[in-house]
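Novice: Following this line is target34.cif, made up of mmCIF, C-alpha atoms:
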```cif
data_input
loop_
_atom_site.label_atom_id
_atom_site.label_comp_id
_atom_site.auth_asym_id
_atom_site.auth_seq_id
_atom_site.Cartn_x
_atom_site.Cartn_y
_atom_site.Cartn_z
CA MET X 25 -14.54 -25.91 102.39
CA ASP X 26 -12.02 -27.18 99.87
CA THR X 27 -13.77 -27.63 96.47
CA ARG X 28 -11.27 -30.34 95.47
CA VAL X 29 -12.51 -32.57 98.31
CA SER X 30 -16.18 -32.12 97.48
CA ASN X 31 -15.52 -32.54 93.73
CA SER X 32 -13.59 -35.77 94.31
CA GLY X 33 -16.57 -37.09 96.32
CA PHE X 34 -18.86 -36.40 93.38
CA VAL X 35 -16.39 -38.03 91.02
CA ARG X 36 -16.22 -41.16 93.22
CA LEU X 37 -20.00 -41.25 93.48
CA GLY X 38 -20.27 -40.85 89.70
CA ARG X 39 -17.80 -43.69 89.09
CA LEU X 40 -19.68 -45.94 91.52
CA TYR X 41 -22.95 -45.16 89.78
CA CYS X 42 -21.42 -45.89 86.35
CA ALA X 43 -19.96 -49.17 87.59
CA ALA X 44 -23.32 -50.26 89.02
CA SER X 45 -25.02 -49.22 85.78
CA GLY X 46 -22.55 -51.30 83.79
CA LEU X 47 -23.27 -54.35 85.92
CA LEU X 48 -27.01 -53.91 85.46
CA ASP X 49 -26.54 -53.57 81.69
CA LYS X 50 -24.90 -57.01 81.67
CA LEU X 51 -28.08 -58.49 83.15
CA GLN X 52 -30.27 -57.17 80.31
CA PRO X 53 -29.81 -60.27 78.08
CA LEU X 54 -30.96 -62.49 80.96
CA LEU X 55 -34.04 -60.34 81.54
CA LEU X 56 -34.96 -60.42 77.84
CA LEU X 57 -34.42 -64.20 77.74
CA GLY X 58 -36.62 -64.57 80.82
CA PHE X 59 -39.36 -62.45 79.24
CA ARG X 60 -39.15 -64.43 75.99
CA LEU X 61 -39.32 -67.82 77.71
CA TYR X 62 -42.11 -66.79 80.09
CA VAL X 63 -44.35 -65.40 77.35
CA ALA X 64 -43.51 -68.29 75.01
CA ASN X 65 -44.54 -70.79 77.68
CA VAL X 66 -47.87 -69.04 78.33
CA PHE X 67 -48.91 -69.06 74.68
CA TRP X 68 -47.44 -72.52 73.92
CA MET X 69 -49.39 -74.13 76.78
CA SER X 70 -52.57 -72.42 75.61
CA GLY X 71 -52.00 -73.75 72.08
CA LEU X 72 -51.40 -77.28 73.37
CA THR X 73 -54.65 -77.11 75.33
CA LYS X 74 -56.52 -76.28 72.14
CA THR X 75 -55.09 -79.35 70.34
CA ARG X 76 -56.33 -81.84 72.96
CA ASP X 77 -59.92 -81.85 71.69
CA TRP X 78 -60.51 -79.96 68.47
CA SER X 79 -64.31 -80.17 68.66
CA ILE X 80 -64.25 -78.41 72.06
CA THR X 81 -61.86 -75.79 70.69
CA VAL X 82 -64.15 -75.02 67.74
CA ALA X 83 -67.14 -74.93 70.13
CA LEU X 84 -65.30 -72.40 72.30
CA PHE X 85 -64.62 -70.22 69.28
CA THR X 86 -68.27 -70.57 68.27
CA ASN X 87 -69.83 -69.78 71.66
CA GLU X 88 -67.27 -67.97 73.84
CA TYR X 89 -64.49 -66.38 71.79
CA HIS X 90 -66.05 -64.06 69.26
CA VAL X 91 -63.23 -63.21 66.87
CA PRO X 92 -64.39 -60.40 64.58
CA LEU X 93 -64.81 -61.14 60.86
CA LEU X 94 -63.69 -64.81 61.00
CA PRO X 95 -65.71 -68.03 60.99
CA PRO X 96 -65.15 -69.91 64.28
CA ALA X 97 -63.34 -72.91 62.73
CA LEU X 98 -60.91 -70.63 60.88
CA ALA X 99 -60.36 -68.47 63.98
CA ALA X 100 -59.68 -71.62 66.02
CA ALA X 101 -57.16 -72.89 63.46
CA MET X 102 -55.42 -69.52 63.15
CA GLY X 103 -55.36 -68.99 66.91
CA THR X 104 -53.95 -72.44 67.62
CA THR X 105 -51.37 -72.12 64.86
CA THR X 106 -50.28 -68.75 66.22
CA GLU X 107 -50.02 -70.09 69.78
CA LEU X 108 -47.88 -73.02 68.64
CA SER X 109 -45.60 -71.24 66.17
CA MET X 110 -44.84 -67.78 67.55
CA PRO X 111 -43.68 -69.07 70.97
CA LEU X 112 -41.04 -71.16 69.19
CA LEU X 113 -39.68 -68.02 67.54
CA LEU X 114 -39.63 -66.20 70.89
CA ALA X 115 -37.99 -69.06 72.77
CA LEU X 116 -35.22 -69.42 70.18
CA GLY X 117 -34.87 -65.70 69.65
CA LEU X 118 -35.33 -66.25 65.92
CA ALA X 119 -37.25 -63.59 63.97
CA THR X 120 -38.05 -62.44 67.48
CA ARG X 121 -39.51 -59.06 66.69
CA PHE X 122 -41.83 -60.61 64.11
CA GLY X 123 -43.02 -63.19 66.66
CA ALA X 124 -43.43 -60.51 69.31
CA PHE X 125 -45.39 -58.30 66.90
CA VAL X 126 -47.78 -61.14 66.04
CA LEU X 127 -48.26 -62.15 69.69
CA PHE X 128 -48.77 -58.54 70.77
CA PHE X 129 -51.77 -58.17 68.46
CA PHE X 130 -52.92 -61.73 69.12
CA ASN X 131 -53.00 -60.87 72.83
CA ILE X 132 -55.14 -57.78 72.16
CA ILE X 133 -57.54 -59.78 69.97
CA ALA X 134 -57.83 -62.42 72.71
CA VAL X 135 -58.97 -59.78 75.21
CA ILE X 136 -61.40 -58.18 72.76
CA SER X 137 -62.83 -61.52 71.61
CA TYR X 138 -63.63 -62.94 75.04
CA ALA X 139 -66.13 -60.61 76.67
CA ALA X 140 -66.47 -62.78 79.81
CA LEU X 141 -62.76 -62.48 80.62
CA PRO X 142 -62.43 -61.91 84.39
CA ASP X 143 -60.48 -58.89 85.67
CA ILE X 144 -57.62 -61.06 86.96
CA ALA X 145 -57.20 -62.56 83.48
CA VAL X 146 -57.19 -59.08 81.94
CA LYS X 147 -54.31 -58.24 84.30
CA ASP X 148 -52.45 -61.32 83.02
CA HIS X 149 -52.95 -60.16 79.44
CA ILE X 150 -51.68 -56.69 80.35
CA LEU X 151 -48.57 -58.27 81.91
CA TRP X 152 -47.96 -60.46 78.85
CA GLY X 153 -48.58 -57.54 76.51
CA THR X 154 -46.10 -55.39 78.41
CA MET X 155 -43.46 -58.12 78.33
CA ILE X 156 -44.04 -58.65 74.61
CA LEU X 157 -43.77 -54.91 74.01
CA VAL X 158 -40.39 -54.84 75.80
CA ILE X 159 -39.18 -57.66 73.53
CA LEU X 160 -40.56 -55.89 70.47
CA LEU X 161 -38.90 -52.57 71.33
CA PHE X 162 -35.58 -53.80 72.74
CA GLY X 163 -35.12 -56.95 70.66
CA PRO X 164 -34.28 -60.44 71.84
CA GLY X 165 -30.97 -59.62 73.52
CA LYS X 166 -27.60 -61.31 73.19
CA ILE X 167 -28.88 -64.76 74.13
CA SER X 168 -30.71 -65.37 70.86
CA VAL X 169 -30.33 -66.80 67.39
CA ASP X 170 -31.08 -63.32 66.00
CA TYR X 171 -28.03 -61.91 67.80
CA LEU X 172 -25.78 -64.71 66.48
CA LEU X 173 -27.07 -64.25 62.93
CA GLU X 174 -26.62 -60.49 63.11
CA ARG X 175 -23.01 -60.89 64.28
CA ARG X 176 -22.31 -63.39 61.50
CA LEU X 177 -23.83 -61.08 58.87
CA ARG X 178 -21.77 -58.13 60.14
CA ARG X 179 -18.57 -60.17 59.88
CA ALA X 180 -19.46 -61.37 56.39
CA GLY X 181 -20.19 -57.81 55.29
CA ALA X 182 -17.06 -56.31 56.85
#
```
Would you kindly transcribe this structure into structure tokens?

Specialist:
Amino acid sequence: MDTRVSNSGFVRLGRLYCAASGLLDKLQPLLLLGFRLYVANVFWMSGLTKTRDWSITVALFTNEYHVPLLPPALAAAMGTTTELSMPLLLALGLATRFGAFVLFFFNIIAVISYAALPDIAVKDHILWGTMILVILLFGPGKISVDYLLERRLRRAGA
């Protein structure tokens, strides 16, 4: 067997793999945007629900959600504020890693604080936590205000 023929097959296969990899890399910003918007929507909608009737929200934090170390009214205010502010950061891709960091721990506290959380809801929180962790570790991607600001700062510093 001629080694040049078999080597050229490996080279072609390697080039094809690299080309496919390059195409997939170009989809990464869309995936990160999708993760950011999905998670932002989940927490935003939850925050809006809490603003509909504040007395019910405080009652929930008094009787159902047992946030450690915080009085129920303060926990309700902090939780609602978090659910209405951090999703905006994620959706815009502005201070994204900060927003993701806050929501990651907020998500954990939500699971810990609500003992009656059904298994299916725990799975949702695991999904959201995983998506948030991807955003936290990989950043917001190229479709974000953070990316535009970083590019502008690099140009200004160059």

Novice: With distances taken over all atoms listed in the file, which residue among X:Thr73, X:Ser168, X:Asn131, X:Ser45 lies nearest Gly153 in chain X?

Specialist: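 Going through X:Thr73, X:Ser168, X:Asn131, X:Ser45 one by one, the smallest distance to Gly153 in chain X is for X:Asn131.
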
Novice: So how many Å separate CA of Leu172 in chain X and CA of Leu118 in chain X, to one decimal?

Specialist: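 Separating CA of Leu172 in chain X from CA of Leu118 in chain X is a distance of 9.7 Å.
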
Novice: Of the candidates X:Ile80, X:Leu160, X:Leu93, X:Val135, which shows the shortest atom-to-atom distance to Asp148 in chain X, using all atoms listed in the file?

Specialist: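 Smallest distance to Asp148 in chain X is found for X:Val135.
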
Novice: Using all atoms listed in the file, find the one residue out of X:Ala43, X:Ala134, X:Ala115, X:Leu37 that sits nearest to Pro164 in chain X.

Specialist: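 With all atoms listed in the file as the atom set, the closest residue is X:Ala115.
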
Novice: Could you tell me which of X:Gly165, X:Gly123, X:Gly181, X:Pro142 comes closest to Leu108 in chain X if we count only C-alpha atoms?

Specialist: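 Answer, going by the shortest atom-to-atom distance: X:Gly123.
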
Novice: Would you compute an axis-aligned box for range 52-58 of chain X, covering every atom listed for it in the file with 8 Å of margin on each side, and report centre and edge lengths in Å to one decimal as AutoDock Vina command-line options?

Specialist:
```
--center_x -33.2 --center_y -60.9 --center_z 79.6 --size_x 22.8 --size_y 23.4 --size_z 19.8
```

Novice: Restricting the calculation to only C-alpha atoms: of X:Val66, X:Ile133, X:Ala124, X:Leu55, which residue gets closest to Pro92 in chain X?

Specialist: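 The closest residue to Pro92 in chain X is X:Ile133.
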
Novice: Provide the CA of Tyr89 in chain X to CA of Ser137 in chain X distance in Å, to one decimal place.

Specialist: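 Here the two named atoms are 5.1 Å from each other.
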
Novice: Can you tell me how far CA of Ile159 in chain X sits from CA of Thr105 in chain X, in Å to one decimal?

Specialist: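 These two atoms are separated by 20.8 Å.
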
Novice: Could you check which of X:Thr81, X:Asn65, X:Thr120, X:Thr75 is closest to Pro96 in chain X, using only C-alpha atoms?

Specialist: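 Among X:Thr81, X:Asn65, X:Thr120, X:Thr75, it is X:Thr81 that comes nearest to Pro96 in chain X.
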
Novice: Expanded to explicit residues, what is the PyMOL selection byres ((chain X and resi 109) around 10) for this file, as a ChimeraX atom specification?

Specialist: /X:64,67-68,71,104-108,110-114,123

Novice: For the selection you just gave me, I'd like the residues written to a file as a short mmCIF file (atom, residue, chain, number, x, y, z; two decimals), keeping the file's coordinate frame, keeping C-alpha atoms.

Specialist:
```cif
data_model
loop_
_atom_site.label_atom_id
_atom_site.label_comp_id
_atom_site.auth_asym_id
_atom_site.auth_seq_id
_atom_site.Cartn_x
_atom_site.Cartn_y
_atom_site.Cartn_z
CA ALA X 64 -43.51 -68.29 75.01
CA PHE X 67 -48.91 -69.06 74.68
CA TRP X 68 -47.44 -72.52 73.92
CA GLY X 71 -52.00 -73.75 72.08
CA THR X 104 -53.95 -72.44 67.62
CA THR X 105 -51.37 -72.12 64.86
CA THR X 106 -50.28 -68.75 66.22
CA GLU X 107 -50.02 -70.09 69.78
CA LEU X 108 -47.88 -73.02 68.64
CA MET X 110 -44.84 -67.78 67.55
CA PRO X 111 -43.68 -69.07 70.97
CA LEU X 112 -41.04 -71.16 69.19
CA LEU X 113 -39.68 -68.02 67.54
CA LEU X 114 -39.63 -66.20 70.89
CA GLY X 123 -43.02 -63.19 66.66
#
```

Novice: If you count all atoms listed in the file, which residues fall within 12 Å of Ile136 in chain X, apart from same-chain ones fewer than 3 positions away, as a PyMOL selection string?

Specialist: chain X and resi 88-92+129-133+139-141+146+149
